[in-house]
Amino acid sequence: MNKILNSVSAYKEAKKVIPGGVNSPVRAFKSVGGTPIFFDRGKGSKITDIDNNVYIDCVSSWGPLIFGHCDSNVSSEISKAIKTGTTFGAPTLIETKIANKIVDMVPSIDKVRMVNSGTEATMSAIRLARGFTKRSLIVKFEGNYHGHGDSFLIKAGSGAMTLGKPDSLGITENIAKDTILAAFNDINSIKKIFEKHHKNIAAVIIEPIAGNMGLVKSCSKFLTELREICSKNNSLLIFDEVMTGFRVSKGGAQELYNVIPDLTTLGKVIGGGLPVGAYGGKKEIMDYVAPQGPVYQAGTLSGNPLAMRAGLATLNLLNNQAFEKLEKISSKIEKGFLNSIKKLGIDATVCRVGSMMTIFFTKQNEIKSYHDAKDCNTDVYSRYFNYMLNFGIYIPPSQYECMFFSLAINQEDIDKIINSNFKALQKIKDEEYINWYNTRKISQ
Ligand code: PMP
């Protein structure tokens, strides 16, 4: 068993001055139990906690670190910015360079505005959609996450046709009623919503590959039909590619599925490990943004040279070979997991697109909807997580997040990840056997 005494006391201290001891809720390990691990340093594929335990990192800071920790190219660009000024609050050449790079890489983007987080990107994108269409309603999908903006923390009202309800204290009924929830991968739910509200729908926002209910792929016909419905009704289609952008392919999910949204939101990889987001799209829509147009949006640190240099260095390195290598790494891990699941006869399935992957504990062969995801056994996941942690593999502390593999993962790491997965599943199977044996004894 790994000793984590320092993490335990660090957590106690943190809780005194930080709500819940963490600066973002999932870090608190609430859904897997135990104390969150406090990290001290990372290099390549490995991270070391404050008790000196070393883990292979399969989270990559929730996606940004596609080249692993402290990549030398990215770090040297950051060092240059530190020496020449980290922020001016005024234009710099690097902003146009990264904008050009994004426009080159992402099929739907003619113009792009940099912001500081994924949340800021999605909040700004829906304001722009509302300003451009002069309509108020936003449609989002159950199980998709678009950051913590008020319009997104919404749950379904009673019945699919009703307007949304706040899903957090602090969000007013008035804001909630401008968001409608649809069922992911279910085109009929979208059709019904458009039948009733088509004149008022400013935009439909979607994670084209959902990563926030575990990894759930959208069916390609579903995305194509969604595109058609939005176009027919003059509503904008927003792809939230904060996770998938520069991750599942050079041009994101829109390139993989060949479906072109009106607006795209980006984050994570685009900042190379520093806090960045962006939104972009068609020229005529983006020209609605201030100072060119009437939709206001601003940011003191937006486009700062530190984050821009880290982001540009990362995007420059993301060539076809990088994606081919990432695919090899990730598919080997997926195959290893699937073999072990089969060999041990565990009720589990794996869903993967590129370097994003989730193991779901379920009897279902495929996870297609939020309800499929919700039916998974989160109790088994939490035991699995803790076994993996003890074997030195850091995976997401929640069934409803995905693993993100990095290019720093080598063959030795892959073997260790696959072996640890086998051992963790074996332990789960043994526990199940013991439970079965005990209940059998009691019933005799
Ligand atoms: N959109 C998606 C699809 C995300 O996954 C996230 C964060 N995981 C966000 C938006 C919000 O990004 P941030 O945490 O940078 O605000």
# chains A, B, ... in the order shown; residues from 1 in each chain; ligands from 1
$ closest_atom_pairs --of "segment 141-241 of chain A" --to "segment 123-135 of chain A" --cutoff "7 Å" --atoms "only C-alpha atoms" --output "JSON lines"
{"residue": "A:Gly149", "atom": "CA", "partner": "A:Met123", "partner_atom": "CA", "distance": 6.0}
{"residue": "A:Asn200", "atom": "CA", "partner": "A:Arg135", "partner_atom": "CA", "distance": 5.1}
{"residue": "A:Ile201", "atom": "CA", "partner": "A:Arg135", "partner_atom": "CA", "distance": 6.1}
{"residue": "A:Ala202", "atom": "CA", "partner": "A:Arg135", "partner_atom": "CA", "distance": 4.9}
{"residue": "A:Ala203", "atom": "CA", "partner": "A:Ala129", "partner_atom": "CA", "distance": 6.2}
{"residue": "A:Leu236", "atom": "CA", "partner": "A:Ala129", "partner_atom": "CA", "distance": 6.6}
$ select_by_dssp --residues "segment 193-300 of chain A" --states "strand (DSSP E or B)" --output "number ranges by chain"
A: 201-206, 209-210, 216-217, 236-240, 263-267, 277-281, 289, 295
$ residues_around --residues "segment 298-315 of chain A" --least-positions-apart "2" --cutoff "7 Å" --atoms "only C-alpha atoms" --output "count of residues only"
24
$ residues_near_ligand --ligand "ligand 1" --cutoff "8 Å" --atoms "only C-alpha atoms and all ligand atoms" --output "count of residues only"
29
$ residues_around --residues "Lys363 of chain A" --least-positions-apart "6" --cutoff "12 Å" --atoms "only C-alpha atoms" --output "list in words"
Ile341, Gly345, Ile346, Asp347, Ala348, Thr349, Val350, Asp372, Ala373, Asp375, Cys376 and Asn377 of chain A
$ write_last_selection --atoms "all heavy atoms" --output "tab-separated table (two decimals), in the first residue's frame"
chain	number	residue	atom	x	y	z
A	341	ILE	N	-10.63	-7.80	-19.63
A	341	ILE	CA	-12.07	-7.85	-19.30
A	341	ILE	C	-12.64	-9.19	-19.76
A	341	ILE	O	-13.37	-9.87	-19.04
A	341	ILE	CB	-12.82	-6.67	-19.98
A	341	ILE	CG1	-12.43	-5.35	-19.30
A	341	ILE	CG2	-14.33	-6.86	-19.94
A	341	ILE	CD1	-12.90	-4.10	-20.03
A	345	GLY	N	-13.87	-12.24	-17.50
A	345	GLY	CA	-15.35	-12.26	-17.51
A	345	GLY	C	-15.96	-11.18	-16.64
A	345	GLY	O	-16.95	-11.40	-15.95
A	346	ILE	N	-15.35	-9.98	-16.67
A	346	ILE	CA	-15.85	-8.87	-15.84
A	346	ILE	C	-16.94	-8.12	-16.62
A	346	ILE	O	-16.84	-7.99	-17.85
A	346	ILE	CB	-14.68	-7.89	-15.55
A	346	ILE	CG1	-13.63	-8.55	-14.68
A	346	ILE	CG2	-15.16	-6.57	-14.97
A	346	ILE	CD1	-13.89	-8.50	-13.21
A	347	ASP	N	-17.96	-7.64	-15.93
A	347	ASP	CA	-18.98	-6.81	-16.58
A	347	ASP	C	-18.42	-5.40	-16.78
A	347	ASP	O	-18.55	-4.54	-15.90
A	347	ASP	CB	-20.25	-6.74	-15.73
A	347	ASP	CG	-20.99	-8.05	-15.74
A	347	ASP	OD1	-20.86	-8.79	-16.74
A	347	ASP	OD2	-21.68	-8.35	-14.74
A	348	ALA	N	-17.78	-5.19	-17.90
A	348	ALA	CA	-17.19	-3.86	-18.17
A	348	ALA	C	-17.04	-3.70	-19.67
A	348	ALA	O	-17.01	-4.68	-20.43
A	348	ALA	CB	-15.83	-3.74	-17.49
A	349	THR	N	-16.95	-2.45	-20.08
A	349	THR	CA	-16.70	-2.16	-21.49
A	349	THR	C	-15.79	-0.93	-21.58
A	349	THR	O	-15.70	-0.16	-20.63
A	349	THR	CB	-18.03	-1.97	-22.26
A	349	THR	OG1	-17.74	-1.87	-23.64
A	349	THR	CG2	-18.76	-0.71	-21.85
A	350	VAL	N	-15.13	-0.80	-22.73
A	350	VAL	CA	-14.21	0.32	-22.89
A	350	VAL	C	-14.67	1.16	-24.07
A	350	VAL	O	-15.06	0.62	-25.10
A	350	VAL	CB	-12.76	-0.20	-23.15
A	350	VAL	CG1	-11.83	0.97	-23.48
A	350	VAL	CG2	-12.25	-0.97	-21.95
A	372	ASP	N	-27.48	5.26	-20.33
A	372	ASP	CA	-26.57	4.10	-20.32
A	372	ASP	C	-25.44	4.37	-19.34
A	372	ASP	O	-25.06	3.51	-18.53
A	372	ASP	CB	-25.92	3.89	-21.70
A	372	ASP	CG	-26.91	3.44	-22.77
A	372	ASP	OD1	-28.03	3.06	-22.40
A	372	ASP	OD2	-26.54	3.49	-23.96
A	373	ALA	N	-24.89	5.58	-19.42
A	373	ALA	CA	-23.75	5.93	-18.55
A	373	ALA	C	-24.17	5.90	-17.09
A	373	ALA	O	-23.47	5.38	-16.23
A	373	ALA	CB	-23.18	7.29	-18.93
A	375	ASP	N	-26.34	4.14	-15.71
A	375	ASP	CA	-26.61	2.78	-15.23
A	375	ASP	C	-25.35	2.04	-14.81
A	375	ASP	O	-25.43	0.91	-14.32
A	375	ASP	CB	-27.28	1.97	-16.36
A	375	ASP	CG	-28.78	2.13	-16.30
A	375	ASP	OD1	-29.26	2.70	-15.31
A	375	ASP	OD2	-29.45	1.68	-17.26
A	376	CYS	N	-24.18	2.63	-15.04
A	376	CYS	CA	-22.94	1.91	-14.71
A	376	CYS	C	-22.74	1.83	-13.21
A	376	CYS	O	-23.29	2.62	-12.45
A	376	CYS	CB	-21.75	2.63	-15.35
A	376	CYS	SG	-21.80	2.48	-17.12
A	377	ASN	N	-21.92	0.84	-12.83
A	377	ASN	CA	-21.72	0.58	-11.40
A	377	ASN	C	-20.56	1.45	-10.87
A	377	ASN	O	-19.39	1.10	-11.00
A	377	ASN	CB	-21.43	-0.91	-11.21
A	377	ASN	CG	-21.49	-1.29	-9.76
A	377	ASN	OD1	-21.25	-0.46	-8.88
A	377	ASN	ND2	-21.82	-2.54	-9.50
$ residues_around --residues "Ile359 of chain A" --least-positions-apart "6" --cutoff "9 Å" --atoms "only C-alpha atoms" --output "list of chain:residue names"
A:Gly214, A:Leu215, A:Phe337, A:Ala348, A:Thr349, A:Val350, A:Cys351, A:Arg352, A:Tyr381, A:Gln399, A:Cys402, A:Met403
$ residues_around --residues "Ile171 of chain A" --least-positions-apart "6" --cutoff "12 Å" --atoms "only C-alpha atoms" --output "ChimeraX atom specification"
/A:148-155,164-165,177-179
$ closest_residue --among "A:Ile395, A:Met286, A:Ala90, A:Ile47" --to "Ala408 of chain A" --atoms "only C-alpha atoms"
A:Ile47
$ select_by_dssp --residues "segment 355-412 of chain A" --states "alpha helix (DSSP H)" --output "PyMOL selection string"
chain A and resi 370-374+378-390+411-412
$ atom_distance --atom1 "atom CA of Ser61 of chain A" --atom2 "atom CA of Met388 of chain A"
17.3 Å
$ closest_residue --among "A:Lys332, A:Tyr55, A:Leu137, A:Phe88" --to "Ile414 of chain A" --atoms "only C-alpha atoms"
A:Lys332
$ residues_around --residues "Ala182 of chain A" --least-positions-apart "2" --cutoff "9 Å" --atoms "only C-alpha atoms" --output "number ranges by chain"
A: 139-142, 156, 160-161, 180, 184, 186-187, 189-190, 193
$ write_last_selection --atoms "N, CA and C atoms" --output "CSV table (one decimal), in the first residue's frame"
chain,number,residue,atom,x,y,z
A,139,VAL,N,-30.1,25.2,-26.5
A,139,VAL,CA,-30.3,23.7,-26.3
A,139,VAL,C,-29.0,23.1,-26.0
A,140,LYS,N,-29.0,22.3,-24.9
A,140,LYS,CA,-27.8,21.5,-24.5
A,140,LYS,C,-28.2,20.1,-24.3
A,141,PHE,N,-27.3,19.2,-24.2
A,141,PHE,CA,-27.6,17.8,-24.0
A,141,PHE,C,-27.3,17.3,-22.6
A,142,GLU,N,-28.2,16.4,-22.2
A,142,GLU,CA,-28.0,15.7,-20.9
A,142,GLU,C,-26.6,15.0,-20.8
A,156,ALA,N,-33.0,18.9,-16.5
A,156,ALA,CA,-34.3,18.8,-17.3
A,156,ALA,C,-35.4,19.2,-16.4
A,160,ALA,N,-39.5,16.2,-21.6
A,160,ALA,CA,-38.4,16.7,-22.5
A,160,ALA,C,-38.7,18.0,-23.1
A,161,MET,N,-40.0,18.4,-23.2
A,161,MET,CA,-40.4,19.6,-23.9
A,161,MET,C,-40.3,20.8,-23.0
A,180,ILE,N,-32.8,24.6,-22.7
A,180,ILE,CA,-33.6,23.4,-22.9
A,180,ILE,C,-32.7,22.2,-23.0
A,184,PHE,N,-28.9,13.1,-25.5
A,184,PHE,CA,-27.7,12.8,-26.4
A,184,PHE,C,-27.9,11.7,-27.3
A,186,ASP,N,-30.0,11.3,-29.6
A,186,ASP,CA,-31.4,11.0,-29.8
A,186,ASP,C,-32.0,12.2,-30.7
A,187,ILE,N,-32.0,12.0,-32.0
A,187,ILE,CA,-32.4,13.1,-32.9
A,187,ILE,C,-33.9,13.4,-32.7
A,189,SER,N,-35.5,13.7,-29.9
A,189,SER,CA,-35.7,14.7,-28.9
A,189,SER,C,-35.4,16.1,-29.4
A,190,ILE,N,-34.4,16.2,-30.3
A,190,ILE,CA,-34.1,17.5,-30.9
A,190,ILE,C,-35.2,18.0,-31.8
A,193,ILE,N,-38.1,19.4,-29.8
A,193,ILE,CA,-37.7,20.7,-29.2
A,193,ILE,C,-37.9,21.8,-30.3
$ closest_residue --among "A:Ile367, A:Ala322, A:Leu256, A:Leu237" --to "Gly281 of chain A" --atoms "only C-alpha atoms"
A:Leu237
$ atom_distance --atom1 "atom CA of Lys16 of chain A" --atom2 "atom CA of Phe29 of chain A"
17.3 Å
$ closest_residue --among "A:Ala278, A:Leu5, A:Val380, A:Leu263" --to "Ile109 of chain A" --atoms "only C-alpha atoms"
A:Leu263
$ decode --residues "segment 269-318 of chain A" --atoms "N, CA and C atoms" --output "tab-separated table (two decimals), in the first residue's frame"
chain	number	residue	atom	x	y	z
A	269	VAL	N	-5.70	21.65	-24.51
A	269	VAL	CA	-4.45	21.49	-25.29
A	269	VAL	C	-3.97	22.84	-25.84
A	270	ILE	N	-4.91	23.71	-26.17
A	270	ILE	CA	-4.58	24.99	-26.81
A	270	ILE	C	-3.69	25.87	-25.92
A	271	GLY	N	-3.66	25.56	-24.61
A	271	GLY	CA	-2.84	26.37	-23.71
A	271	GLY	C	-1.56	25.66	-23.27
A	272	GLY	N	-1.33	24.44	-23.78
A	272	GLY	CA	-0.10	23.72	-23.45
A	272	GLY	C	0.14	23.60	-21.94
A	273	GLY	N	-0.91	23.61	-21.15
A	273	GLY	CA	-0.77	23.46	-19.69
A	273	GLY	C	-0.94	24.77	-18.95
A	274	LEU	N	-1.13	25.86	-19.67
A	274	LEU	CA	-1.44	27.14	-19.00
A	274	LEU	C	-2.92	27.47	-19.23
A	275	PRO	N	-3.47	28.37	-18.41
A	275	PRO	CA	-4.92	28.60	-18.50
A	275	PRO	C	-5.33	29.36	-19.76
A	276	VAL	N	-5.96	28.66	-20.68
A	276	VAL	CA	-6.40	29.27	-21.94
A	276	VAL	C	-7.72	28.66	-22.40
A	277	GLY	N	-8.53	29.45	-23.07
A	277	GLY	CA	-9.69	28.97	-23.81
A	277	GLY	C	-9.77	29.80	-25.07
A	278	ALA	N	-10.67	29.43	-25.96
A	278	ALA	CA	-10.85	30.22	-27.18
A	278	ALA	C	-12.20	29.88	-27.78
A	279	TYR	N	-12.76	30.83	-28.52
A	279	TYR	CA	-13.93	30.49	-29.33
A	279	TYR	C	-13.75	31.12	-30.70
A	280	GLY	N	-14.24	30.39	-31.69
A	280	GLY	CA	-14.04	30.87	-33.05
A	280	GLY	C	-15.09	30.31	-33.96
A	281	GLY	N	-15.10	30.80	-35.19
A	281	GLY	CA	-16.07	30.31	-36.15
A	281	GLY	C	-16.09	31.13	-37.40
A	282	LYS	N	-17.27	31.11	-38.03
A	282	LYS	CA	-17.41	31.81	-39.31
A	282	LYS	C	-17.17	33.30	-39.13
A	283	LYS	N	-16.56	33.91	-40.16
A	283	LYS	CA	-16.18	35.31	-40.10
A	283	LYS	C	-17.37	36.21	-39.77
A	284	GLU	N	-18.50	35.96	-40.49
A	284	GLU	CA	-19.65	36.87	-40.31
A	284	GLU	C	-20.21	36.81	-38.89
A	285	ILE	N	-20.02	35.67	-38.23
A	285	ILE	CA	-20.51	35.57	-36.84
A	285	ILE	C	-19.48	36.20	-35.90
A	286	MET	N	-18.21	35.86	-36.11
A	286	MET	CA	-17.16	36.37	-35.21
A	286	MET	C	-17.04	37.90	-35.29
A	287	ASP	N	-17.41	38.47	-36.41
A	287	ASP	CA	-17.34	39.94	-36.53
A	287	ASP	C	-18.41	40.64	-35.71
A	288	TYR	N	-19.28	39.86	-35.06
A	288	TYR	CA	-20.24	40.44	-34.11
A	288	TYR	C	-19.59	40.72	-32.75
A	289	VAL	N	-18.35	40.21	-32.57
A	289	VAL	CA	-17.71	40.37	-31.25
A	289	VAL	C	-17.05	41.76	-31.16
A	290	ALA	N	-17.15	42.39	-29.97
A	290	ALA	CA	-16.53	43.71	-29.75
A	290	ALA	C	-15.01	43.61	-29.89
A	291	PRO	N	-14.31	44.60	-30.42
A	291	PRO	CA	-14.81	45.94	-30.75
A	291	PRO	C	-15.39	46.05	-32.16
A	292	GLN	N	-15.27	44.96	-32.96
A	292	GLN	CA	-15.81	45.01	-34.33
A	292	GLN	C	-17.33	45.11	-34.30
A	293	GLY	N	-17.93	44.32	-33.39
A	293	GLY	CA	-19.39	44.21	-33.39
A	293	GLY	C	-20.01	44.51	-32.04
A	294	PRO	N	-21.33	44.28	-31.91
A	294	PRO	CA	-22.09	44.72	-30.73
A	294	PRO	C	-22.11	43.74	-29.55
A	295	VAL	N	-21.48	42.55	-29.70
A	295	VAL	CA	-21.51	41.59	-28.58
A	295	VAL	C	-20.26	41.80	-27.73
A	296	TYR	N	-20.44	42.21	-26.48
A	296	TYR	CA	-19.28	42.56	-25.67
A	296	TYR	C	-18.63	41.33	-25.04
A	297	GLN	N	-17.32	41.33	-25.06
A	297	GLN	CA	-16.54	40.27	-24.38
A	297	GLN	C	-15.10	40.77	-24.31
A	298	ALA	N	-14.48	40.61	-23.12
A	298	ALA	CA	-13.14	41.17	-22.92
A	298	ALA	C	-12.36	40.32	-21.91
A	299	GLY	N	-11.07	40.61	-21.71
A	299	GLY	CA	-10.29	39.88	-20.70
A	299	GLY	C	-8.92	40.50	-20.47
A	300	THR	N	-8.61	40.86	-19.22
A	300	THR	CA	-7.33	41.49	-18.89
A	300	THR	C	-6.14	40.64	-19.35
A	301	LEU	N	-6.21	39.33	-19.06
A	301	LEU	CA	-5.06	38.47	-19.38
A	301	LEU	C	-5.24	37.68	-20.67
A	302	SER	N	-6.33	37.95	-21.39
A	302	SER	CA	-6.60	37.18	-22.62
A	302	SER	C	-5.46	37.37	-23.62
A	303	GLY	N	-4.97	36.25	-24.16
A	303	GLY	CA	-3.91	36.30	-25.17
A	303	GLY	C	-2.55	36.64	-24.60
A	304	ASN	N	-2.37	36.44	-23.28
A	304	ASN	CA	-1.06	36.82	-22.69
A	304	ASN	C	0.06	35.95	-23.26
A	305	PRO	N	1.26	36.55	-23.41
A	305	PRO	CA	2.36	35.87	-24.12
A	305	PRO	C	2.78	34.53	-23.50
A	306	LEU	N	2.64	34.41	-22.20
A	306	LEU	CA	3.05	33.16	-21.53
A	306	LEU	C	2.21	31.99	-22.06
A	307	ALA	N	0.90	32.15	-21.95
A	307	ALA	CA	-0.01	31.08	-22.38
A	307	ALA	C	0.04	30.90	-23.89
A	308	MET	N	0.16	32.01	-24.63
A	308	MET	CA	0.19	31.90	-26.10
A	308	MET	C	1.42	31.13	-26.57
A	309	ARG	N	2.55	31.38	-25.94
A	309	ARG	CA	3.77	30.68	-26.34
A	309	ARG	C	3.67	29.18	-26.03
A	310	ALA	N	3.14	28.86	-24.84
A	310	ALA	CA	2.99	27.44	-24.48
A	310	ALA	C	2.02	26.77	-25.45
A	311	GLY	N	0.94	27.48	-25.76
A	311	GLY	CA	-0.07	26.92	-26.67
A	311	GLY	C	0.47	26.74	-28.07
A	312	LEU	N	1.14	27.76	-28.58
A	312	LEU	CA	1.64	27.68	-29.95
A	312	LEU	C	2.71	26.58	-30.07
A	313	ALA	N	3.59	26.48	-29.06
A	313	ALA	CA	4.62	25.43	-29.11
A	313	ALA	C	3.93	24.07	-29.18
A	314	THR	N	2.85	23.90	-28.43
A	314	THR	CA	2.14	22.61	-28.42
A	314	THR	C	1.50	22.36	-29.78
A	315	LEU	N	0.79	23.35	-30.31
A	315	LEU	CA	0.10	23.14	-31.60
A	315	LEU	C	1.12	22.88	-32.71
A	316	ASN	N	2.27	23.57	-32.66
A	316	ASN	CA	3.29	23.37	-33.70
A	316	ASN	C	3.82	21.94	-33.71
A	317	LEU	N	3.82	21.31	-32.54
A	317	LEU	CA	4.35	19.94	-32.46
A	317	LEU	C	3.33	18.88	-32.87
A	318	LEU	N	2.06	19.32	-32.97
A	318	LEU	CA	1.00	18.33	-33.23
A	318	LEU	C	0.85	18.04	-34.72
